[in-house]
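Listing of query39.cif, mmCIF, C-alpha atoms, pLDDT in the B column; chains and numbers go by the auth columns
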```cif
data_structure
#
loop_
_atom_site.group_PDB
_atom_site.id
_atom_site.type_symbol
_atom_site.label_atom_id
_atom_site.label_comp_id
_atom_site.label_asym_id
_atom_site.label_seq_id
_atom_site.Cartn_x
_atom_site.Cartn_y
_atom_site.Cartn_z
_atom_site.B_iso_or_equiv
_atom_site.auth_seq_id
_atom_site.auth_asym_id
ATOM 1 C CA MET A 1 17.476 10.893 -2.192 54.00 1 A
ATOM 2 C CA VAL A 2 18.304 8.208 0.389 55.00 2 A
ATOM 3 C CA LYS A 3 19.114 8.884 4.043 50.00 3 A
ATOM 4 C CA GLU A 4 20.378 6.194 6.421 50.00 4 A
ATOM 5 C CA LYS A 5 18.882 5.970 9.900 45.00 5 A
ATOM 6 C CA PRO A 6 19.433 3.242 12.515 47.00 6 A
ATOM 7 C CA ASN A 7 17.299 0.206 11.548 55.00 7 A
ATOM 8 C CA SER A 8 15.906 1.870 8.409 64.00 8 A
ATOM 9 C CA THR A 9 16.711 3.739 5.240 79.00 9 A
ATOM 10 C CA ARG A 10 14.533 6.706 4.426 84.00 10 A
ATOM 11 C CA ILE A 11 13.682 7.576 0.851 91.00 11 A
ATOM 12 C CA TYR A 12 12.850 11.154 -0.176 93.00 12 A
ATOM 13 C CA ASP A 13 11.347 12.554 -3.368 92.00 13 A
ATOM 14 C CA GLU A 14 12.847 15.398 -5.392 92.00 14 A
ATOM 15 C CA GLU A 15 11.074 17.976 -3.192 93.00 15 A
ATOM 16 C CA GLY A 16 12.481 16.552 0.052 93.00 16 A
ATOM 17 C CA PHE A 17 9.309 14.753 1.194 95.00 17 A
ATOM 18 C CA ARG A 18 9.763 11.354 2.845 96.00 18 A
ATOM 19 C CA ARG A 19 8.107 8.647 0.738 97.00 19 A
ATOM 20 C CA ARG A 20 5.677 6.376 2.603 97.00 20 A
ATOM 21 C CA ALA A 21 2.952 3.856 1.832 98.00 21 A
ATOM 22 C CA ALA A 22 -0.086 2.700 3.813 98.00 22 A
ATOM 23 C CA CYS A 23 -3.212 0.580 3.507 98.00 23 A
ATOM 24 C CA ILE A 24 -6.793 1.074 4.470 98.00 24 A
ATOM 25 C CA CYS A 25 -7.485 -2.541 5.469 98.00 25 A
ATOM 26 C CA VAL A 26 -11.118 -3.520 4.938 98.00 26 A
ATOM 27 C CA LYS A 27 -12.964 -6.608 6.135 97.00 27 A
ATOM 28 C CA SER A 28 -14.748 -7.171 2.819 96.00 28 A
ATOM 29 C CA GLU A 29 -15.376 -5.658 -0.594 94.00 29 A
ATOM 30 C CA LEU A 30 -18.285 -3.747 1.002 94.00 30 A
ATOM 31 C CA GLU A 31 -15.688 -1.547 2.770 95.00 31 A
ATOM 32 C CA LYS A 32 -17.892 -0.970 5.820 95.00 32 A
ATOM 33 C CA GLU A 33 -15.262 -1.925 8.437 97.00 33 A
ATOM 34 C CA VAL A 34 -11.616 -0.851 8.562 98.00 34 A
ATOM 35 C CA LEU A 35 -8.703 -2.063 10.645 98.00 35 A
ATOM 36 C CA LEU A 36 -6.699 0.412 12.715 98.00 36 A
ATOM 37 C CA VAL A 37 -3.599 -0.249 14.820 98.00 37 A
ATOM 38 C CA THR A 38 -2.282 1.404 17.941 97.00 38 A
ATOM 39 C CA SER A 39 0.462 3.964 17.437 94.00 39 A
ATOM 40 C CA SER A 40 4.003 2.927 18.368 90.00 40 A
ATOM 41 C CA ARG A 41 4.519 6.307 20.054 89.00 41 A
ATOM 42 C CA ARG A 42 1.082 6.621 21.654 92.00 42 A
ATOM 43 C CA PRO A 43 -0.423 3.166 22.429 92.00 43 A
ATOM 44 C CA ASP A 44 -3.812 4.727 23.285 93.00 44 A
ATOM 45 C CA HIS A 45 -4.119 6.251 19.785 95.00 45 A
ATOM 46 C CA TRP A 46 -5.510 4.400 16.739 96.00 46 A
ATOM 47 C CA ILE A 47 -3.903 4.951 13.322 97.00 47 A
ATOM 48 C CA VAL A 48 -3.783 3.569 9.764 98.00 48 A
ATOM 49 C CA PRO A 49 -0.899 1.075 9.300 98.00 49 A
ATOM 50 C CA GLY A 50 1.901 2.285 7.050 97.00 50 A
ATOM 51 C CA GLY A 51 5.549 3.238 6.881 96.00 51 A
ATOM 52 C CA GLY A 52 8.570 4.266 4.885 95.00 52 A
ATOM 53 C CA ILE A 53 9.390 3.002 1.421 95.00 53 A
ATOM 54 C CA GLU A 54 12.700 1.116 1.263 93.00 54 A
ATOM 55 C CA PRO A 55 15.256 1.589 -1.542 91.00 55 A
ATOM 56 C CA GLU A 56 14.198 -0.107 -4.804 91.00 56 A
ATOM 57 C CA GLU A 57 10.799 -0.985 -3.284 94.00 57 A
ATOM 58 C CA GLU A 58 7.501 -0.253 -5.018 96.00 58 A
ATOM 59 C CA PRO A 59 4.930 1.594 -2.859 97.00 59 A
ATOM 60 C CA SER A 60 2.453 -1.300 -3.227 98.00 60 A
ATOM 61 C CA VAL A 61 5.073 -3.711 -1.829 97.00 61 A
ATOM 62 C CA THR A 62 5.784 -1.325 1.053 97.00 62 A
ATOM 63 C CA ALA A 63 2.076 -1.109 1.859 98.00 63 A
ATOM 64 C CA ILE A 64 1.712 -4.910 2.015 98.00 64 A
ATOM 65 C CA ARG A 65 4.906 -5.280 4.109 97.00 65 A
ATOM 66 C CA GLU A 66 3.905 -2.564 6.583 97.00 66 A
ATOM 67 C CA VAL A 67 0.411 -3.998 7.094 97.00 67 A
ATOM 68 C CA LEU A 68 1.886 -7.413 7.834 97.00 68 A
ATOM 69 C CA GLU A 69 4.439 -5.937 10.288 96.00 69 A
ATOM 70 C CA GLU A 70 2.098 -3.502 12.050 97.00 70 A
ATOM 71 C CA ALA A 71 -1.325 -5.188 11.866 98.00 71 A
ATOM 72 C CA GLY A 72 -0.493 -8.857 11.295 98.00 72 A
ATOM 73 C CA VAL A 73 -2.841 -9.185 8.338 98.00 73 A
ATOM 74 C CA CYS A 74 -2.543 -10.342 4.737 97.00 74 A
ATOM 75 C CA GLY A 75 -4.932 -9.866 1.883 98.00 75 A
ATOM 76 C CA LYS A 76 -5.680 -8.789 -1.624 98.00 76 A
ATOM 77 C CA LEU A 77 -4.294 -5.386 -2.593 98.00 77 A
ATOM 78 C CA GLY A 78 -6.843 -3.227 -4.355 96.00 78 A
ATOM 79 C CA ARG A 79 -6.932 0.257 -5.791 96.00 79 A
ATOM 80 C CA CYS A 80 -4.670 3.145 -4.910 97.00 80 A
ATOM 81 C CA LEU A 81 -6.584 5.950 -3.182 96.00 81 A
ATOM 82 C CA GLY A 82 -3.909 8.517 -4.014 96.00 82 A
ATOM 83 C CA VAL A 83 -0.845 10.208 -2.600 97.00 83 A
ATOM 84 C CA PHE A 84 -1.486 12.240 0.531 97.00 84 A
ATOM 85 C CA GLU A 85 0.814 14.996 1.699 95.00 85 A
ATOM 86 C CA ASN A 86 1.641 15.853 5.293 93.00 86 A
ATOM 87 C CA SER A 87 3.432 19.200 4.976 90.00 87 A
ATOM 88 C CA GLU A 88 3.960 19.457 8.750 90.00 88 A
ATOM 89 C CA ARG A 89 6.050 16.247 8.919 90.00 89 A
ATOM 90 C CA LYS A 90 7.127 16.473 5.264 95.00 90 A
ATOM 91 C CA HIS A 91 5.751 13.067 4.224 95.00 91 A
ATOM 92 C CA ARG A 92 3.983 11.899 1.078 97.00 92 A
ATOM 93 C CA THR A 93 2.060 8.671 1.602 98.00 93 A
ATOM 94 C CA GLU A 94 0.673 6.516 -1.197 98.00 94 A
ATOM 95 C CA VAL A 95 -2.445 4.809 0.184 98.00 95 A
ATOM 96 C CA PHE A 96 -3.978 1.560 -1.063 98.00 96 A
ATOM 97 C CA VAL A 97 -7.042 -0.491 -0.151 98.00 97 A
ATOM 98 C CA LEU A 98 -6.378 -4.019 1.097 98.00 98 A
ATOM 99 C CA VAL A 99 -9.160 -6.594 1.528 98.00 99 A
ATOM 100 C CA VAL A 100 -8.030 -8.701 4.493 98.00 100 A
ATOM 101 C CA THR A 101 -8.092 -12.461 3.907 98.00 101 A
ATOM 102 C CA GLU A 102 -5.990 -13.590 6.883 98.00 102 A
ATOM 103 C CA GLU A 103 -5.413 -12.317 10.433 98.00 103 A
ATOM 104 C CA LEU A 104 -2.325 -13.765 12.112 97.00 104 A
ATOM 105 C CA ALA A 105 -2.614 -14.718 15.786 96.00 105 A
ATOM 106 C CA GLU A 106 0.890 -13.315 16.400 95.00 106 A
ATOM 107 C CA TRP A 107 2.817 -10.715 14.407 96.00 107 A
ATOM 108 C CA GLU A 108 6.041 -8.734 14.593 92.00 108 A
ATOM 109 C CA ASP A 109 4.869 -5.458 16.193 96.00 109 A
ATOM 110 C CA ALA A 110 2.491 -7.189 18.619 95.00 110 A
ATOM 111 C CA LYS A 111 5.406 -9.217 20.001 95.00 111 A
ATOM 112 C CA SER A 112 8.047 -6.464 19.947 94.00 112 A
ATOM 113 C CA MET A 113 5.997 -3.465 21.147 94.00 113 A
ATOM 114 C CA GLY A 114 2.560 -4.708 22.177 95.00 114 A
ATOM 115 C CA ARG A 115 0.821 -3.129 19.191 96.00 115 A
ATOM 116 C CA LYS A 116 -2.897 -3.921 18.945 97.00 116 A
ATOM 117 C CA ARG A 117 -5.326 -4.000 16.017 98.00 117 A
ATOM 118 C CA LYS A 118 -9.071 -3.468 16.022 98.00 118 A
ATOM 119 C CA TRP A 119 -11.901 -3.378 13.483 98.00 119 A
ATOM 120 C CA PHE A 120 -13.945 -0.163 13.387 98.00 120 A
ATOM 121 C CA THR A 121 -16.932 0.896 11.350 97.00 121 A
ATOM 122 C CA VAL A 122 -15.824 3.567 8.893 95.00 122 A
ATOM 123 C CA GLU A 123 -17.700 6.169 10.954 95.00 123 A
ATOM 124 C CA ASP A 124 -15.973 5.108 14.205 97.00 124 A
ATOM 125 C CA ALA A 125 -12.599 5.016 12.451 97.00 125 A
ATOM 126 C CA LEU A 126 -13.171 8.578 11.207 96.00 126 A
ATOM 127 C CA GLU A 127 -13.876 9.611 14.797 96.00 127 A
ATOM 128 C CA GLN A 128 -10.710 7.895 16.105 95.00 128 A
ATOM 129 C CA LEU A 129 -8.532 9.466 13.422 96.00 129 A
ATOM 130 C CA SER A 130 -10.042 12.919 13.984 95.00 130 A
ATOM 131 C CA LEU A 131 -8.969 12.641 17.635 93.00 131 A
ATOM 132 C CA HIS A 132 -5.529 11.087 17.180 87.00 132 A
ATOM 133 C CA LYS A 133 -4.302 11.356 13.584 92.00 133 A
ATOM 134 C CA PRO A 134 -6.298 13.995 11.684 91.00 134 A
ATOM 135 C CA VAL A 135 -3.853 13.963 8.766 90.00 135 A
ATOM 136 C CA GLN A 136 -5.039 10.389 8.019 95.00 136 A
ATOM 137 C CA LEU A 137 -8.716 11.434 7.799 94.00 137 A
ATOM 138 C CA ALA A 138 -8.188 12.190 4.105 94.00 138 A
ATOM 139 C CA TYR A 139 -7.349 8.500 3.473 95.00 139 A
ATOM 140 C CA LEU A 140 -10.731 7.364 4.776 94.00 140 A
ATOM 141 C CA GLN A 141 -12.608 10.227 3.161 93.00 141 A
ATOM 142 C CA SER A 142 -11.084 9.158 -0.158 94.00 142 A
ATOM 143 C CA LEU A 143 -12.223 5.569 0.502 93.00 143 A
ATOM 144 C CA LEU A 144 -15.770 6.826 1.108 90.00 144 A
ATOM 145 C CA THR A 145 -15.753 8.976 -2.029 88.00 145 A
ATOM 146 C CA CYS A 146 -14.562 6.054 -4.161 76.00 146 A
ATOM 147 C CA ARG A 147 -17.046 3.693 -2.500 66.00 147 A
ATOM 148 C CA ASN A 148 -19.938 6.069 -3.158 61.00 148 A
ATOM 149 C CA GLU A 149 -18.875 6.458 -6.806 64.00 149 A
ATOM 150 C CA LYS A 150 -18.920 2.653 -7.212 53.00 150 A
ATOM 151 C CA VAL A 151 -22.506 2.490 -5.879 45.00 151 A
ATOM 152 C CA THR A 152 -23.954 5.173 -8.184 44.00 152 A
#
```
Please express what this file holds, its structure, as C-alpha cells.
Amino acid sequence: MVKEKPNSTRIYDEEGFRRRAACICVKSELEKEVLLVTSSRRPDHWIVPGGGIEPEEEPSVTAIREVLEEAGVCGKLGRCLGVFENSERKHRTEVFVLVVTEELAEWEDAKSMGRKRKWFTVEDALEQLSLHKPVQLAYLQSLLTCRNEKVT
C-alpha cells in the first residue's frame, strides 16, 4: 500500500506497518564505534539514521540514501541485521551495517535543519539510545550479537 504525504510517499506492508530502512554506521570493520545523528524532532536526542522506503526502492538503497541525507556519510553497505518492529508507531525497519568511508563536510540535513552527527563507542551509543530512542536499542544489540558470533 502507498500513501501520499507532503514531501514524501509512505509505503506500507500487507499488515499496515510503514516500511523503513536504517543503517548502523561503523567507523571500521571492528564495529567498536557507531555514528548517531540528532533527531529532527528533538535536537538534543541521538538516534540511528534511517527513514521511509520510497516506491520501487529496495531497502538497501533506502538505507544508503537516508544515511547520506541525515548523517552526511557514504560507505560500504554490509550485512542486514534484520527487520525490527515498532508496534507503537507501526513501523518495520530493515537495518543494515554500513562501514563509513567518507564523511562530507556539509550535507542536506545539516544545512536544512542543523542536524549533527557524532561517533560513539557502542556502549555509549547504547546508553544514548536507552535514554532517547529505546526502540532502536535492538539494532545495536543485534550488531553486538553478530559481532560476537564472528569472533568465536
Could you give me, as JSON, numbers by chain, the residues that have an atom at most 8 Å away from the point (8.3, 6.6, -4.8) in the coordinates of the file, using only C-alpha atoms? {"A": [11, 12, 13, 19, 20, 53, 58, 59]}
Check which residues satisfy the PyMOL selection byres ((chain A and resi 128) around 12) in the file shown, then give them as a ChimeraX atom specification. /A:34-39,44-48,118-127,129-137,140
One decimal, in Å: what's the spacing between atom CA of A:Arg18 and atom CA of A:Ser87?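 Pair atom CA of A:Arg18 / atom CA of A:Ser87 returns 10.3 Å.
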Residue neighbourhood stretch 81-86 of chain A, 8 Å, only C-alpha atoms, exclusion window fewer than 6 positions, as a VMD selection string: chain A and resid 92 to 97 135 138 to 139 142 to 143
Would you save the residues of that selection, restricted to C-alpha atoms, as a CSV table (one decimal), keeping the file's coordinate frame?
```
chain,number,residue,atom,x,y,z
A,92,ARG,CA,4.0,11.9,1.1
A,93,THR,CA,2.1,8.7,1.6
A,94,GLU,CA,0.7,6.5,-1.2
A,95,VAL,CA,-2.4,4.8,0.2
A,96,PHE,CA,-4.0,1.6,-1.1
A,97,VAL,CA,-7.0,-0.5,-0.2
A,135,VAL,CA,-3.9,14.0,8.8
A,138,ALA,CA,-8.2,12.2,4.1
A,139,TYR,CA,-7.3,8.5,3.5
A,142,SER,CA,-11.1,9.2,-0.2
A,143,LEU,CA,-12.2,5.6,0.5
```
Among listed residues A:Cys80, A:Trp107, A:Phe17, A:Arg42, nearest A:Arg65 (using only C-alpha atoms):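 Checking each of A:Cys80, A:Trp107, A:Phe17, A:Arg42 against A:Arg65, counting only C-alpha atoms, the winner is A:Trp107.
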What's the 8 Å shell around A:Glu54, counting only C-alpha atoms, without same-chain residues fewer than 5 positions away, as a PyMOL selection string? chain A and resi 8-11+62
Please report the interatomic distance between atom CA of A:Ile24 and atom CA of A:Leu98 in Å with one decimal.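 Going from atom CA of A:Ile24 over to atom CA of A:Leu98, I get 6.1 Å.
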Hey, what's within 10 Å of A:Glu29 if we count only C-alpha atoms and toss same-chain stuff fewer than 2 positions away? As number ranges by chain, please? A: 26-27, 31-33, 78, 97-100, 147
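Of the residues listed (A:Glu88, A:Glu14, A:Glu56, A:Glu69), A:Glu69 shows the shortest atom-to-atom separation from A:Lys111; distances use all atoms listed in the file.
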Once the PyMOL selection byres ((chain A and resi 22) around 6) has been evaluated on this model, what residues remain selected, and can you format them as an mmCIF file with C-alpha atoms, keeping the file's coordinate frame?
```cif
data_model
loop_
_atom_site.group_PDB
_atom_site.id
_atom_site.type_symbol
_atom_site.label_atom_id
_atom_site.label_comp_id
_atom_site.auth_asym_id
_atom_site.auth_seq_id
_atom_site.Cartn_x
_atom_site.Cartn_y
_atom_site.Cartn_z
ATOM 1 C CA ALA A 21 2.952 3.856 1.832
ATOM 2 C CA CYS A 23 -3.212 0.580 3.507
ATOM 3 C CA PRO A 49 -0.899 1.075 9.300
ATOM 4 C CA GLY A 50 1.901 2.285 7.050
ATOM 5 C CA ALA A 63 2.076 -1.109 1.859
ATOM 6 C CA VAL A 95 -2.445 4.809 0.184
#
```
Report the distance between atom CA of A:Ile64 and atom CA of A:Lys76 in Å, rounded to one decimal place.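 Answer for the atom CA of A:Ile64 to atom CA of A:Lys76 separation: 9.1 Å.
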Among the residues A:Glu15, A:Lys90, A:Leu30, A:Arg115, the one that comes closest to A:Leu144 [using only C-alpha atoms]: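 Ranking A:Glu15, A:Lys90, A:Leu30, A:Arg115 by distance to A:Leu144, first place goes to A:Leu30.
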Find the residue from A:Val73, A:Gln141, A:Arg41, A:Val61 that sits nearest to A:Glu102; use all atoms listed in the file when measuring.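 For A:Glu102, the nearest of the given residues is A:Val73.
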Given only C-alpha atoms as the counted atoms, nearest of A:Gly72, A:Lys116, A:Glu66, A:Cys146 to A:Thr101: A:Gly72
